[in-house]
file data_14.pdb (PDB, C-alpha atoms)
ATOM      1  CA  MET T   1      -0.275  51.609  16.780  1.00  0.00           C
ATOM      2  CA  ARG T   2       1.554  48.490  17.955  1.00  0.00           C
ATOM      3  CA  ARG T   3       4.244  47.018  15.776  1.00  0.00           C
ATOM      4  CA  THR T   4       6.142  43.744  15.560  1.00  0.00           C
ATOM      5  CA  THR T   5       9.013  42.041  13.754  1.00  0.00           C
ATOM      6  CA  LEU T   6       8.427  39.200  11.321  1.00  0.00           C
ATOM      7  CA  LYS T   7      11.255  36.713  10.847  1.00  0.00           C
ATOM      8  CA  HIS T   8      11.730  34.185   8.039  1.00  0.00           C
ATOM      9  CA  PHE T   9       9.015  35.851   5.963  1.00  0.00           C
ATOM     10  CA  ALA T  10       7.821  33.581   3.124  1.00  0.00           C
ATOM     11  CA  GLY T  11      10.196  30.908   4.409  1.00  0.00           C
ATOM     12  CA  LEU T  12      13.259  33.021   3.587  1.00  0.00           C
ATOM     13  CA  THR T  13      15.490  32.482   6.629  1.00  0.00           C
ATOM     14  CA  TYR T  14      17.732  35.475   5.839  1.00  0.00           C
ATOM     15  CA  LEU T  15      14.830  37.934   5.815  1.00  0.00           C
ATOM     16  CA  THR T  16      13.434  40.048   8.667  1.00  0.00           C
ATOM     17  CA  ILE T  17      10.748  42.720   8.455  1.00  0.00           C
ATOM     18  CA  THR T  18      10.569  45.209  11.307  1.00  0.00           C
ATOM     19  CA  ASN T  19       7.935  47.772  12.272  1.00  0.00           C
ATOM     20  CA  VAL T  20       5.002  45.733  10.970  1.00  0.00           C
ATOM     21  CA  PRO T  21       1.730  47.270  12.248  1.00  0.00           C
ATOM     22  CA  ILE T  22      -0.473  44.861  14.185  1.00  0.00           C
ATOM     23  CA  LYS T  23      -3.754  44.926  16.061  1.00  0.00           C
ATOM     24  CA  ASP T  24      -5.405  42.572  18.537  1.00  0.00           C
ATOM     25  CA  THR T  25      -8.391  40.410  17.636  1.00  0.00           C
ATOM     26  CA  GLU T  26     -10.087  37.445  19.277  1.00  0.00           C
ATOM     27  CA  PHE T  27      -7.809  35.253  17.111  1.00  0.00           C
ATOM     28  CA  GLY T  28      -4.620  36.917  18.345  1.00  0.00           C
ATOM     29  CA  GLU T  29      -2.516  39.570  16.659  1.00  0.00           C
ATOM     30  CA  VAL T  30      -3.350  40.455  13.072  1.00  0.00           C
ATOM     31  CA  ILE T  31      -1.072  42.153  10.551  1.00  0.00           C
ATOM     32  CA  ASN T  32      -2.789  45.477   9.961  1.00  0.00           C
ATOM     33  CA  LEU T  33      -1.803  45.927   6.329  1.00  0.00           C
ATOM     34  CA  LYS T  34      -3.461  45.252   3.004  1.00  0.00           C
ATOM     35  CA  PRO T  35      -2.499  41.855   1.574  1.00  0.00           C
ATOM     36  CA  MET T  36       0.411  41.711  -0.869  1.00  0.00           C
ATOM     37  CA  LEU T  37       2.057  44.909   0.472  1.00  0.00           C
ATOM     38  CA  LEU T  38       4.690  43.004   2.440  1.00  0.00           C
ATOM     39  CA  GLU T  39       5.198  40.546  -0.414  1.00  0.00           C
ATOM     40  CA  LYS T  40       5.794  43.466  -2.805  1.00  0.00           C
ATOM     41  CA  LEU T  41       8.257  45.005  -0.353  1.00  0.00           C
ATOM     42  CA  VAL T  42      10.083  41.671  -0.217  1.00  0.00           C
ATOM     43  CA  ALA T  43      10.093  41.221  -4.004  1.00  0.00           C
ATOM     44  CA  VAL T  44      11.672  44.658  -4.466  1.00  0.00           C
ATOM     45  CA  ALA T  45      14.299  43.868  -1.824  1.00  0.00           C
ATOM     46  CA  LEU T  46      15.132  40.530  -3.455  1.00  0.00           C
ATOM     47  CA  ILE T  47      15.797  42.294  -6.765  1.00  0.00           C
ATOM     48  CA  GLU T  48      17.729  45.199  -5.270  1.00  0.00           C
ATOM     49  CA  ASN T  49      19.868  42.891  -3.123  1.00  0.00           C
ATOM     50  CA  LYS T  50      20.561  40.568  -6.066  1.00  0.00           C
ATOM     51  CA  VAL T  51      19.369  37.522  -4.170  1.00  0.00           C
ATOM     52  CA  PRO T  52      19.633  34.199  -6.056  1.00  0.00           C
ATOM     53  CA  ILE T  53      16.148  33.114  -7.096  1.00  0.00           C
ATOM     54  CA  ARG T  54      15.240  29.632  -5.902  1.00  0.00           C
ATOM     55  CA  GLY T  55      11.762  28.161  -5.838  1.00  0.00           C
ATOM     56  CA  ALA T  56      11.156  29.825  -2.446  1.00  0.00           C
ATOM     57  CA  GLU T  57      11.957  33.316  -3.777  1.00  0.00           C
ATOM     58  CA  PHE T  58      10.063  32.572  -6.998  1.00  0.00           C
ATOM     59  CA  ARG T  59       6.898  31.793  -5.010  1.00  0.00           C
ATOM     60  CA  VAL T  60       6.799  35.054  -3.079  1.00  0.00           C
ATOM     61  CA  MET T  61       7.865  37.155  -6.077  1.00  0.00           C
ATOM     62  CA  LYS T  62       5.185  35.614  -8.276  1.00  0.00           C
ATOM     63  CA  SER T  63       2.580  36.334  -5.612  1.00  0.00           C
ATOM     64  CA  ALA T  64       3.774  39.931  -5.332  1.00  0.00           C
ATOM     65  CA  LEU T  65       3.393  40.329  -9.091  1.00  0.00           C
ATOM     66  CA  GLY T  66      -0.109  38.845  -8.960  1.00  0.00           C
ATOM     67  CA  LEU T  67       0.654  36.655 -11.956  1.00  0.00           C
ATOM     68  CA  SER T  68      -0.757  33.172 -12.487  1.00  0.00           C
ATOM     69  CA  ASN T  69       1.457  30.269 -13.507  1.00  0.00           C
ATOM     70  CA  GLU T  70      -0.040  30.541 -16.984  1.00  0.00           C
ATOM     71  CA  ALA T  71       0.826  34.237 -17.257  1.00  0.00           C
ATOM     72  CA  ILE T  72       4.423  33.612 -16.135  1.00  0.00           C
ATOM     73  CA  ALA T  73       4.729  30.748 -18.632  1.00  0.00           C
ATOM     74  CA  ASP T  74       3.455  32.960 -21.452  1.00  0.00           C
ATOM     75  CA  LYS T  75       5.731  35.869 -20.563  1.00  0.00           C
ATOM     76  CA  LEU T  76       8.869  33.708 -20.287  1.00  0.00           C
ATOM     77  CA  GLY T  77       8.002  31.436 -23.237  1.00  0.00           C
ATOM     78  CA  ILE T  78       8.028  28.225 -21.218  1.00  0.00           C
ATOM     79  CA  SER T  79       5.479  25.548 -20.331  1.00  0.00           C
ATOM     80  CA  ARG T  80       3.132  25.740 -17.324  1.00  0.00           C
ATOM     81  CA  ASN T  81       4.657  22.503 -16.067  1.00  0.00           C
ATOM     82  CA  THR T  82       8.076  24.155 -15.923  1.00  0.00           C
ATOM     83  CA  VAL T  83       6.648  26.999 -13.824  1.00  0.00           C
ATOM     84  CA  LEU T  84       4.982  24.435 -11.558  1.00  0.00           C
ATOM     85  CA  LYS T  85       8.263  22.557 -11.179  1.00  0.00           C
ATOM     86  CA  TRP T  86      10.171  25.724 -10.190  1.00  0.00           C
ATOM     87  CA  GLY T  87       7.614  26.566  -7.523  1.00  0.00           C
ATOM     88  CA  LYS T  88       7.591  23.069  -6.078  1.00  0.00           C
ATOM     89  CA  GLU T  89      11.375  22.800  -5.786  1.00  0.00           C
ATOM     90  CA  VAL T  90      11.806  25.513  -3.161  1.00  0.00           C
ATOM     91  CA  ASP T  91      15.531  24.898  -2.584  1.00  0.00           C
ATOM     92  CA  ASN T  92      16.540  24.737  -6.242  1.00  0.00           C
ATOM     93  CA  ARG T  93      17.730  27.780  -8.117  1.00  0.00           C
ATOM     94  CA  LEU T  94      16.036  28.681 -11.405  1.00  0.00           C
ATOM     95  CA  PRO T  95      18.031  27.869 -14.562  1.00  0.00           C
ATOM     96  CA  ALA T  96      20.389  30.802 -15.312  1.00  0.00           C
ATOM     97  CA  PRO T  97      18.682  32.317 -18.384  1.00  0.00           C
ATOM     98  CA  TYR T  98      15.240  32.118 -16.792  1.00  0.00           C
ATOM     99  CA  GLU T  99      16.454  33.532 -13.504  1.00  0.00           C
ATOM    100  CA  MET T 100      17.746  36.559 -15.430  1.00  0.00           C
ATOM    101  CA  LEU T 101      14.545  36.876 -17.436  1.00  0.00           C
ATOM    102  CA  PHE T 102      12.374  36.597 -14.356  1.00  0.00           C
ATOM    103  CA  ARG T 103      14.483  39.220 -12.578  1.00  0.00           C
ATOM    104  CA  VAL T 104      13.980  41.611 -15.509  1.00  0.00           C
ATOM    105  CA  LEU T 105      10.248  40.863 -15.655  1.00  0.00           C
ATOM    106  CA  THR T 106       9.850  41.466 -11.907  1.00  0.00           C
ATOM    107  CA  ALA T 107      11.757  44.738 -12.076  1.00  0.00           C
ATOM    108  CA  GLU T 108       9.629  45.892 -15.004  1.00  0.00           C
ATOM    109  CA  LEU T 109       6.305  45.049 -13.364  1.00  0.00           C
ATOM    110  CA  LEU T 110       7.275  46.510  -9.991  1.00  0.00           C
ATOM    111  CA  LYS T 111       8.742  49.564 -11.732  1.00  0.00           C
ATOM    112  CA  ILE T 112      12.226  49.168 -10.289  1.00  0.00           C
ATOM    113  CA  ARG T 113      15.101  50.659 -12.241  1.00  0.00           C
ATOM    114  CA  LEU T 114      17.334  47.712 -13.101  1.00  0.00           C
ATOM    115  CA  ASN T 115      20.769  49.069 -13.876  1.00  0.00           C
ATOM    116  CA  ALA T 116      22.562  45.755 -14.074  1.00  0.00           C
ATOM    117  CA  THR T 117      25.094  43.719 -16.018  1.00  0.00           C
ATOM    118  CA  ILE T 118      24.572  40.100 -17.054  1.00  0.00           C
ATOM    119  CA  SER T 119      26.594  38.951 -14.047  1.00  0.00           C
ATOM    120  CA  ASP T 120      24.463  41.164 -11.789  1.00  0.00           C
ATOM    121  CA  LEU T 121      21.360  39.524 -13.212  1.00  0.00           C
ATOM    122  CA  ARG T 122      22.672  36.060 -12.420  1.00  0.00           C
ATOM    123  CA  ALA T 123      23.529  37.351  -8.949  1.00  0.00           C
ATOM    124  CA  GLU T 124      25.521  35.761  -6.182  1.00  0.00           C
ATOM    125  CA  ASN T 125      25.354  32.218  -4.934  1.00  0.00           C
ATOM    126  CA  LYS T 126      24.083  32.896  -1.449  1.00  0.00           C
ATOM    127  CA  ALA T 127      21.659  35.421  -0.017  1.00  0.00           C
ATOM    128  CA  LYS T 128      22.962  37.801   2.627  1.00  0.00           C
ATOM    129  CA  LYS T 129      20.848  38.851   5.590  1.00  0.00           C
ATOM    130  CA  ILE T 130      18.184  41.402   4.687  1.00  0.00           C
ATOM    131  CA  SER T 131      16.312  43.581   7.139  1.00  0.00           C
ATOM    132  CA  LEU T 132      13.354  45.587   5.871  1.00  0.00           C
ATOM    133  CA  GLU T 133      11.119  48.131   7.507  1.00  0.00           C
ATOM    134  CA  ALA T 134       7.369  47.991   6.884  1.00  0.00           C
ATOM    135  CA  ALA T 135       6.672  51.529   8.077  1.00  0.00           C
TER
ATOM    136  CA  MET E   1     -22.483  24.085  -8.236  1.00  0.00           C
ATOM    137  CA  LEU E   2     -20.913  24.509  -4.832  1.00  0.00           C
ATOM    138  CA  LEU E   3     -22.214  28.088  -4.575  1.00  0.00           C
ATOM    139  CA  LEU E   4     -25.878  27.018  -4.626  1.00  0.00           C
ATOM    140  CA  GLY E   5     -25.950  25.573  -1.110  1.00  0.00           C
ATOM    141  CA  MET E   6     -23.951  28.334   0.500  1.00  0.00           C
ATOM    142  CA  THR E   7     -25.008  30.825   3.119  1.00  0.00           C
ATOM    143  CA  LYS E   8     -24.665  34.592   2.587  1.00  0.00           C
ATOM    144  CA  GLN E   9     -21.705  34.677   4.958  1.00  0.00           C
ATOM    145  CA  GLU E  10     -19.909  31.904   3.089  1.00  0.00           C
ATOM    146  CA  LYS E  11     -20.442  33.653  -0.242  1.00  0.00           C
ATOM    147  CA  LEU E  12     -19.201  36.929   1.227  1.00  0.00           C
ATOM    148  CA  ILE E  13     -16.030  35.341   2.635  1.00  0.00           C
ATOM    149  CA  ILE E  14     -15.230  33.710  -0.701  1.00  0.00           C
ATOM    150  CA  LYS E  15     -15.897  36.934  -2.607  1.00  0.00           C
ATOM    151  CA  ARG E  16     -13.619  38.962  -0.327  1.00  0.00           C
ATOM    152  CA  ILE E  17     -10.791  36.441  -0.371  1.00  0.00           C
ATOM    153  CA  LYS E  18     -10.956  36.252  -4.165  1.00  0.00           C
ATOM    154  CA  ALA E  19     -10.670  40.046  -4.236  1.00  0.00           C
ATOM    155  CA  GLY E  20      -7.660  39.947  -1.897  1.00  0.00           C
ATOM    156  CA  GLU E  21      -9.614  41.691   0.854  1.00  0.00           C
ATOM    157  CA  PHE E  22      -8.397  39.969   4.016  1.00  0.00           C
ATOM    158  CA  VAL E  23      -5.926  40.295   6.842  1.00  0.00           C
ATOM    159  CA  LEU E  24      -3.635  37.633   8.277  1.00  0.00           C
ATOM    160  CA  THR E  25      -3.064  36.689  11.889  1.00  0.00           C
ATOM    161  CA  ILE E  26       0.573  36.446  12.928  1.00  0.00           C
ATOM    162  CA  HIS E  27      -0.117  32.752  13.502  1.00  0.00           C
ATOM    163  CA  ALA E  28      -1.343  32.310   9.907  1.00  0.00           C
ATOM    164  CA  ARG E  29       1.691  34.207   8.569  1.00  0.00           C
ATOM    165  CA  GLU E  30       4.026  31.916  10.535  1.00  0.00           C
ATOM    166  CA  ARG E  31       2.318  28.775   9.227  1.00  0.00           C
ATOM    167  CA  MET E  32       2.584  30.229   5.709  1.00  0.00           C
ATOM    168  CA  ASN E  33       6.305  30.914   6.208  1.00  0.00           C
ATOM    169  CA  GLU E  34       6.903  27.314   7.278  1.00  0.00           C
ATOM    170  CA  ARG E  35       5.253  25.910   4.161  1.00  0.00           C
ATOM    171  CA  PHE E  36       6.145  28.626   1.618  1.00  0.00           C
ATOM    172  CA  VAL E  37       2.497  29.577   1.214  1.00  0.00           C
ATOM    173  CA  SER E  38       1.914  32.983  -0.387  1.00  0.00           C
ATOM    174  CA  GLU E  39      -1.045  35.329  -0.204  1.00  0.00           C
ATOM    175  CA  MET E  40      -1.827  34.417  -3.796  1.00  0.00           C
ATOM    176  CA  ASP E  41      -2.190  30.793  -2.660  1.00  0.00           C
ATOM    177  CA  ILE E  42      -4.945  31.877  -0.273  1.00  0.00           C
ATOM    178  CA  VAL E  43      -6.743  33.664  -3.101  1.00  0.00           C
ATOM    179  CA  GLU E  44      -6.323  30.547  -5.252  1.00  0.00           C
ATOM    180  CA  VAL E  45      -7.996  28.379  -2.586  1.00  0.00           C
ATOM    181  CA  ALA E  46     -11.116  30.560  -2.848  1.00  0.00           C
ATOM    182  CA  LYS E  47     -10.989  30.376  -6.654  1.00  0.00           C
ATOM    183  CA  THR E  48     -10.619  26.572  -6.740  1.00  0.00           C
ATOM    184  CA  LEU E  49     -12.878  25.910  -3.768  1.00  0.00           C
ATOM    185  CA  ARG E  50     -13.792  22.246  -3.242  1.00  0.00           C
ATOM    186  CA  SER E  51     -15.622  22.576   0.057  1.00  0.00           C
ATOM    187  CA  ILE E  52     -16.470  25.077   2.759  1.00  0.00           C
ATOM    188  CA  ARG E  53     -17.416  24.047   6.298  1.00  0.00           C
ATOM    189  CA  TYR E  54     -18.707  26.192   9.145  1.00  0.00           C
ATOM    190  CA  GLN E  55     -17.180  25.528  12.560  1.00  0.00           C
ATOM    191  CA  GLU E  56     -19.897  26.530  14.983  1.00  0.00           C
ATOM    192  CA  ASP E  57     -17.754  26.337  18.138  1.00  0.00           C
ATOM    193  CA  LYS E  58     -15.224  28.839  16.740  1.00  0.00           C
ATOM    194  CA  ASP E  59     -17.545  30.767  14.396  1.00  0.00           C
ATOM    195  CA  THR E  60     -15.004  30.266  11.618  1.00  0.00           C
ATOM    196  CA  TYR E  61     -15.062  28.682   8.154  1.00  0.00           C
ATOM    197  CA  LEU E  62     -12.750  26.033   6.726  1.00  0.00           C
ATOM    198  CA  LEU E  63     -12.160  26.461   2.996  1.00  0.00           C
ATOM    199  CA  LEU E  64     -10.545  23.591   1.115  1.00  0.00           C
ATOM    200  CA  GLY E  65      -9.081  24.283  -2.309  1.00  0.00           C
ATOM    201  CA  LEU E  66      -5.843  24.139  -4.257  1.00  0.00           C
ATOM    202  CA  SER E  67      -2.766  26.325  -3.924  1.00  0.00           C
ATOM    203  CA  THR E  68      -1.217  27.834  -7.058  1.00  0.00           C
ATOM    204  CA  TRP E  69       1.127  24.821  -6.897  1.00  0.00           C
ATOM    205  CA  LYS E  70      -1.814  22.375  -7.049  1.00  0.00           C
ATOM    206  CA  GLU E  71      -1.477  21.270  -3.420  1.00  0.00           C
ATOM    207  CA  LYS E  72      -4.618  20.713  -1.298  1.00  0.00           C
ATOM    208  CA  LEU E  73      -4.673  23.643   1.098  1.00  0.00           C
ATOM    209  CA  THR E  74      -7.154  24.473   3.861  1.00  0.00           C
ATOM    210  CA  VAL E  75      -7.712  28.064   4.963  1.00  0.00           C
ATOM    211  CA  SER E  76      -9.448  28.871   8.238  1.00  0.00           C
ATOM    212  CA  ALA E  77     -11.218  32.226   7.928  1.00  0.00           C
ATOM    213  CA  ALA E  78     -13.485  34.339  10.114  1.00  0.00           C
ATOM    214  CA  LEU E  79     -15.836  37.172   9.240  1.00  0.00           C
ATOM    215  CA  ARG E  80     -15.567  40.003  11.777  1.00  0.00           C
ATOM    216  CA  GLY E  81     -16.421  43.019   9.667  1.00  0.00           C
ATOM    217  CA  GLN E  82     -13.343  42.140   7.644  1.00  0.00           C
ATOM    218  CA  VAL E  83     -12.155  38.659   6.695  1.00  0.00           C
ATOM    219  CA  ILE E  84      -9.462  37.370   9.040  1.00  0.00           C
ATOM    220  CA  ILE E  85      -7.330  34.439   7.912  1.00  0.00           C
ATOM    221  CA  VAL E  86      -6.837  32.560  11.170  1.00  0.00           C
ATOM    222  CA  THR E  87      -4.557  29.769   9.945  1.00  0.00           C
ATOM    223  CA  VAL E  88      -3.663  27.646   6.926  1.00  0.00           C
ATOM    224  CA  PHE E  89      -2.682  24.001   6.674  1.00  0.00           C
ATOM    225  CA  PHE E  90      -2.104  21.332   4.062  1.00  0.00           C
ATOM    226  CA  GLU E  91      -4.238  18.218   3.778  1.00  0.00           C
ATOM    227  CA  GLU E  92      -2.138  15.132   4.577  1.00  0.00           C
TER
END

call {"tool": "encode", "arguments": {"input": "data_14.pdb", "output": "structure tokens"}}
result
Amino acid sequence: MRRTTLKHFAGLTYLTITNVPIKDTEFGEVINLKPMLLEKLVAVALIENKVPIRGAEFRVMKSALGLSNEAIADKLGISRNTVLKWGKEVDNRLPAPYEMLFRVLTAELLKIRLNATISDLRAENKAKKISLEAA
Amino acid sequence: MLLLGMTKQEKLIIKRIKAGEFVLTIHARERMNERFVSEMDIVEVAKTLRSIRYQEDKDTYLLLGLSTWKEKLTVSAALRGQVIIVTVFFEE
């Protein structure tokens, strides 16, 4: 099976995914994976690498969780408009307490062990380069 | 209801996209990366569908709906055994 490398996945410039299976179609190369698999892989990596969560990360993580804006709002105890605002402001980081809460929620739903301190949950200010393997 | 005037193929494409049963071209993935569009946004377009148009020259369908962020988003999809998302773009 042929494979390729995807750069800037979900608009995250620091992220590269290698070994992504592809196949040829009349419309060009197609990613030969079930939807959401790569987004889940990315969401796990964002948690494990303690990446700051801006609107851009929030969008792909929310998609990986399969949660609607309403469901996120209910789980975090905020309004739907606040969720909408976070998603629209792709360069802005989530407010500290909600970033921590969302990190915990993501870890819980993706079944990642989150052995972290409060400062870990708030994470660093800048994302480092991440390279993932789809295989 | 929008569904009433639809062909079998159009209904099938919408059903599969809603169920998350589709694959993405590399081109579509790149357009999605540029505009922070997620796979859930594509599903949401099928759920909030405002129009669907068949493009006879390409044998593809243009689905117009809303992203999860309430933006007007168009998804170009083809039915070739499976549903292939050919590209996505925002309405200006």

call {"tool": "residues_around", "arguments": {"input": "data_14.pdb", "residues": "stretch 14-22 of chain E", "least_positions_apart": "3", "cutoff": "6 Å", "atoms": "only C-alpha atoms", "output": "mmCIF file with C-alpha atoms, keeping the file's coordinate frame"}}
result
data_model
loop_
_atom_site.group_PDB
_atom_site.id
_atom_site.type_symbol
_atom_site.label_atom_id
_atom_site.label_comp_id
_atom_site.auth_asym_id
_atom_site.auth_seq_id
_atom_site.Cartn_x
_atom_site.Cartn_y
_atom_site.Cartn_z
ATOM 1 C CA LYS E 11 -20.442 33.653 -0.242
ATOM 2 C CA VAL E 43 -6.743 33.664 -3.101
ATOM 3 C CA ALA E 46 -11.116 30.560 -2.848
ATOM 4 C CA VAL E 83 -12.155 38.659 6.695
ATOM 5 C CA ILE E 84 -9.462 37.370 9.040
#

call {"tool": "closest_residue", "arguments": {"input": "data_14.pdb", "among": "T:Ser131, T:Thr18, T:Asn49, T:Ser63", "to": "chain E", "atoms": "only C-alpha atoms"}}
result
T:Ser63

call {"tool": "resolve_selection", "arguments": {"input": "data_14.pdb", "expression": "the PyMOL selection byres ((chain T) within 10 of (chain E))", "output": "ChimeraX atom specification"}}
result
/T:4,6-13,22-36,38-39,55-57,59-69,83-88,90

call {"tool": "write_last_selection", "arguments": {"input": "data_14.pdb", "atoms": "C-alpha atoms", "output": "PDB file, in the frame of the given file"}}
result
ATOM      1  CA  THR T   4       6.142  43.744  15.560  1.00  0.00           C
ATOM      2  CA  LEU T   6       8.427  39.200  11.321  1.00  0.00           C
ATOM      3  CA  LYS T   7      11.255  36.713  10.847  1.00  0.00           C
ATOM      4  CA  HIS T   8      11.730  34.185   8.039  1.00  0.00           C
ATOM      5  CA  PHE T   9       9.015  35.851   5.963  1.00  0.00           C
ATOM      6  CA  ALA T  10       7.821  33.581   3.124  1.00  0.00           C
ATOM      7  CA  GLY T  11      10.196  30.908   4.409  1.00  0.00           C
ATOM      8  CA  LEU T  12      13.259  33.021   3.587  1.00  0.00           C
ATOM      9  CA  THR T  13      15.490  32.482   6.629  1.00  0.00           C
ATOM     10  CA  ILE T  22      -0.473  44.861  14.185  1.00  0.00           C
ATOM     11  CA  LYS T  23      -3.754  44.926  16.061  1.00  0.00           C
ATOM     12  CA  ASP T  24      -5.405  42.572  18.537  1.00  0.00           C
ATOM     13  CA  THR T  25      -8.391  40.410  17.636  1.00  0.00           C
ATOM     14  CA  GLU T  26     -10.087  37.445  19.277  1.00  0.00           C
ATOM     15  CA  PHE T  27      -7.809  35.253  17.111  1.00  0.00           C
ATOM     16  CA  GLY T  28      -4.620  36.917  18.345  1.00  0.00           C
ATOM     17  CA  GLU T  29      -2.516  39.570  16.659  1.00  0.00           C
ATOM     18  CA  VAL T  30      -3.350  40.455  13.072  1.00  0.00           C
ATOM     19  CA  ILE T  31      -1.072  42.153  10.551  1.00  0.00           C
ATOM     20  CA  ASN T  32      -2.789  45.477   9.961  1.00  0.00           C
ATOM     21  CA  LEU T  33      -1.803  45.927   6.329  1.00  0.00           C
ATOM     22  CA  LYS T  34      -3.461  45.252   3.004  1.00  0.00           C
ATOM     23  CA  PRO T  35      -2.499  41.855   1.574  1.00  0.00           C
ATOM     24  CA  MET T  36       0.411  41.711  -0.869  1.00  0.00           C
ATOM     25  CA  LEU T  38       4.690  43.004   2.440  1.00  0.00           C
ATOM     26  CA  GLU T  39       5.198  40.546  -0.414  1.00  0.00           C
ATOM     27  CA  GLY T  55      11.762  28.161  -5.838  1.00  0.00           C
ATOM     28  CA  ALA T  56      11.156  29.825  -2.446  1.00  0.00           C
ATOM     29  CA  GLU T  57      11.957  33.316  -3.777  1.00  0.00           C
ATOM     30  CA  ARG T  59       6.898  31.793  -5.010  1.00  0.00           C
ATOM     31  CA  VAL T  60       6.799  35.054  -3.079  1.00  0.00           C
ATOM     32  CA  MET T  61       7.865  37.155  -6.077  1.00  0.00           C
ATOM     33  CA  LYS T  62       5.185  35.614  -8.276  1.00  0.00           C
ATOM     34  CA  SER T  63       2.580  36.334  -5.612  1.00  0.00           C
ATOM     35  CA  ALA T  64       3.774  39.931  -5.332  1.00  0.00           C
ATOM     36  CA  LEU T  65       3.393  40.329  -9.091  1.00  0.00           C
ATOM     37  CA  GLY T  66      -0.109  38.845  -8.960  1.00  0.00           C
ATOM     38  CA  LEU T  67       0.654  36.655 -11.956  1.00  0.00           C
ATOM     39  CA  SER T  68      -0.757  33.172 -12.487  1.00  0.00           C
ATOM     40  CA  ASN T  69       1.457  30.269 -13.507  1.00  0.00           C
ATOM     41  CA  VAL T  83       6.648  26.999 -13.824  1.00  0.00           C
ATOM     42  CA  LEU T  84       4.982  24.435 -11.558  1.00  0.00           C
ATOM     43  CA  LYS T  85       8.263  22.557 -11.179  1.00  0.00           C
ATOM     44  CA  TRP T  86      10.171  25.724 -10.190  1.00  0.00           C
ATOM     45  CA  GLY T  87       7.614  26.566  -7.523  1.00  0.00           C
ATOM     46  CA  LYS T  88       7.591  23.069  -6.078  1.00  0.00           C
ATOM     47  CA  VAL T  90      11.806  25.513  -3.161  1.00  0.00           C
TER      48      VAL T  90
END

call {"tool": "axis_aligned_box", "arguments": {"input": "data_14.pdb", "around": "stretch 58-65 of chain T", "padding_each_side": "8 Å", "output": "JSON"}}
result
{"center_x": 6.3, "center_y": 36.1, "center_z": -6.1, "size_x": 23.5, "size_y": 24.5, "size_z": 22.0}

call {"tool": "closest_residue", "arguments": {"input": "data_14.pdb", "among": "T:Lys129, T:Arg122, T:Arg80, T:Arg3", "to": "T:Val104", "atoms": "all atoms listed in the file"}}
result
T:Arg122

call {"tool": "atom_distance", "arguments": {"input": "data_14.pdb", "atom1": "atom CA of E:Val45", "atom2": "atom CA of E:Ile13"}}
result
11.8 Å

call {"tool": "resolve_selection", "arguments": {"input": "data_14.pdb", "expression": "the PyMOL selection byres ((chain T and resi 41) around 10)", "output": "VMD selection string"}}
result
chain T and resid 17 36 to 40 42 to 46 61 64 110 132 to 134

call {"tool": "atom_distance", "arguments": {"input": "data_14.pdb", "atom1": "atom CA of T:Leu94", "atom2": "atom CA of T:Phe58"}}
result
8.4 Å

call {"tool": "residues_near_point", "arguments": {"input": "data_14.pdb", "point": "(-7.8, 26.6, 1.2)", "cutoff": "7 Å", "atoms": "only C-alpha atoms", "output": "ChimeraX atom specification"}}
result
/E:42,45-46,63-66,73-75

call {"tool": "atom_distance", "arguments": {"input": "data_14.pdb", "atom1": "atom CA of T:Pro21", "atom2": "atom CA of E:Ser76"}}
result
21.9 Å

call {"tool": "residues_around", "arguments": {"input": "data_14.pdb", "residues": "E:Asp59", "least_positions_apart": "2", "cutoff": "10 Å", "atoms": "only C-alpha atoms", "output": "number ranges by chain"}}
result
E: 54-57, 61, 77-80

call {"tool": "write_last_selection", "arguments": {"input": "data_14.pdb", "atoms": "C-alpha atoms", "output": "PDB file, keeping the file's coordinate frame"}}
result
ATOM      1  CA  TYR E  54     -18.707  26.192   9.145  1.00  0.00           C
ATOM      2  CA  GLN E  55     -17.180  25.528  12.560  1.00  0.00           C
ATOM      3  CA  GLU E  56     -19.897  26.530  14.983  1.00  0.00           C
ATOM      4  CA  ASP E  57     -17.754  26.337  18.138  1.00  0.00           C
ATOM      5  CA  TYR E  61     -15.062  28.682   8.154  1.00  0.00           C
ATOM      6  CA  ALA E  77     -11.218  32.226   7.928  1.00  0.00           C
ATOM      7  CA  ALA E  78     -13.485  34.339  10.114  1.00  0.00           C
ATOM      8  CA  LEU E  79     -15.836  37.172   9.240  1.00  0.00           C
ATOM      9  CA  ARG E  80     -15.567  40.003  11.777  1.00  0.00           C
TER      10      ARG E  80
END

call {"tool": "residues_around", "arguments": {"input": "data_14.pdb", "residues": "T:Ala116", "least_positions_apart": "5", "cutoff": "12 Å", "atoms": "all atoms listed in the file", "output": "list of chain:residue names"}}
result
T:Ile47, T:Glu48, T:Asn49, T:Lys50, T:Met100, T:Arg103, T:Val104, T:Ala107, T:Leu121, T:Arg122, T:Ala123

call {"tool": "resolve_selection", "arguments": {"input": "data_14.pdb", "expression": "the PyMOL selection byres ((chain T and resi 127) around 7)", "output": "list in words"}}
result
Val51, Pro52, Asn125, Lys126, Lys128 and Lys129 of chain T

call {"tool": "build_atoms", "arguments": {"input": "data_14.pdb", "residues": "stretch 82-86 of chain T", "atoms": "N, CA and C atoms", "output": "mmCIF file, in the coordinates of the input"}}
result
data_model
loop_
_atom_site.group_PDB
_atom_site.id
_atom_site.type_symbol
_atom_site.label_atom_id
_atom_site.label_comp_id
_atom_site.auth_asym_id
_atom_site.auth_seq_id
_atom_site.Cartn_x
_atom_site.Cartn_y
_atom_site.Cartn_z
ATOM 1 N N THR T 82 6.758 23.674 -16.370
ATOM 2 C CA THR T 82 8.076 24.155 -15.923
ATOM 3 C C THR T 82 7.899 25.141 -14.770
ATOM 4 N N VAL T 83 6.925 26.033 -14.899
ATOM 5 C CA VAL T 83 6.648 26.999 -13.824
ATOM 6 C C VAL T 83 6.268 26.255 -12.540
ATOM 7 N N LEU T 84 5.426 25.234 -12.698
ATOM 8 C CA LEU T 84 4.982 24.435 -11.558
ATOM 9 C C LEU T 84 6.181 23.757 -10.882
ATOM 10 N N LYS T 85 7.073 23.249 -11.693
ATOM 11 C CA LYS T 85 8.263 22.557 -11.179
ATOM 12 C C LYS T 85 9.142 23.532 -10.386
ATOM 13 N N TRP T 86 9.345 24.729 -10.902
ATOM 14 C CA TRP T 86 10.171 25.724 -10.190
ATOM 15 C C TRP T 86 9.576 26.029 -8.816
#
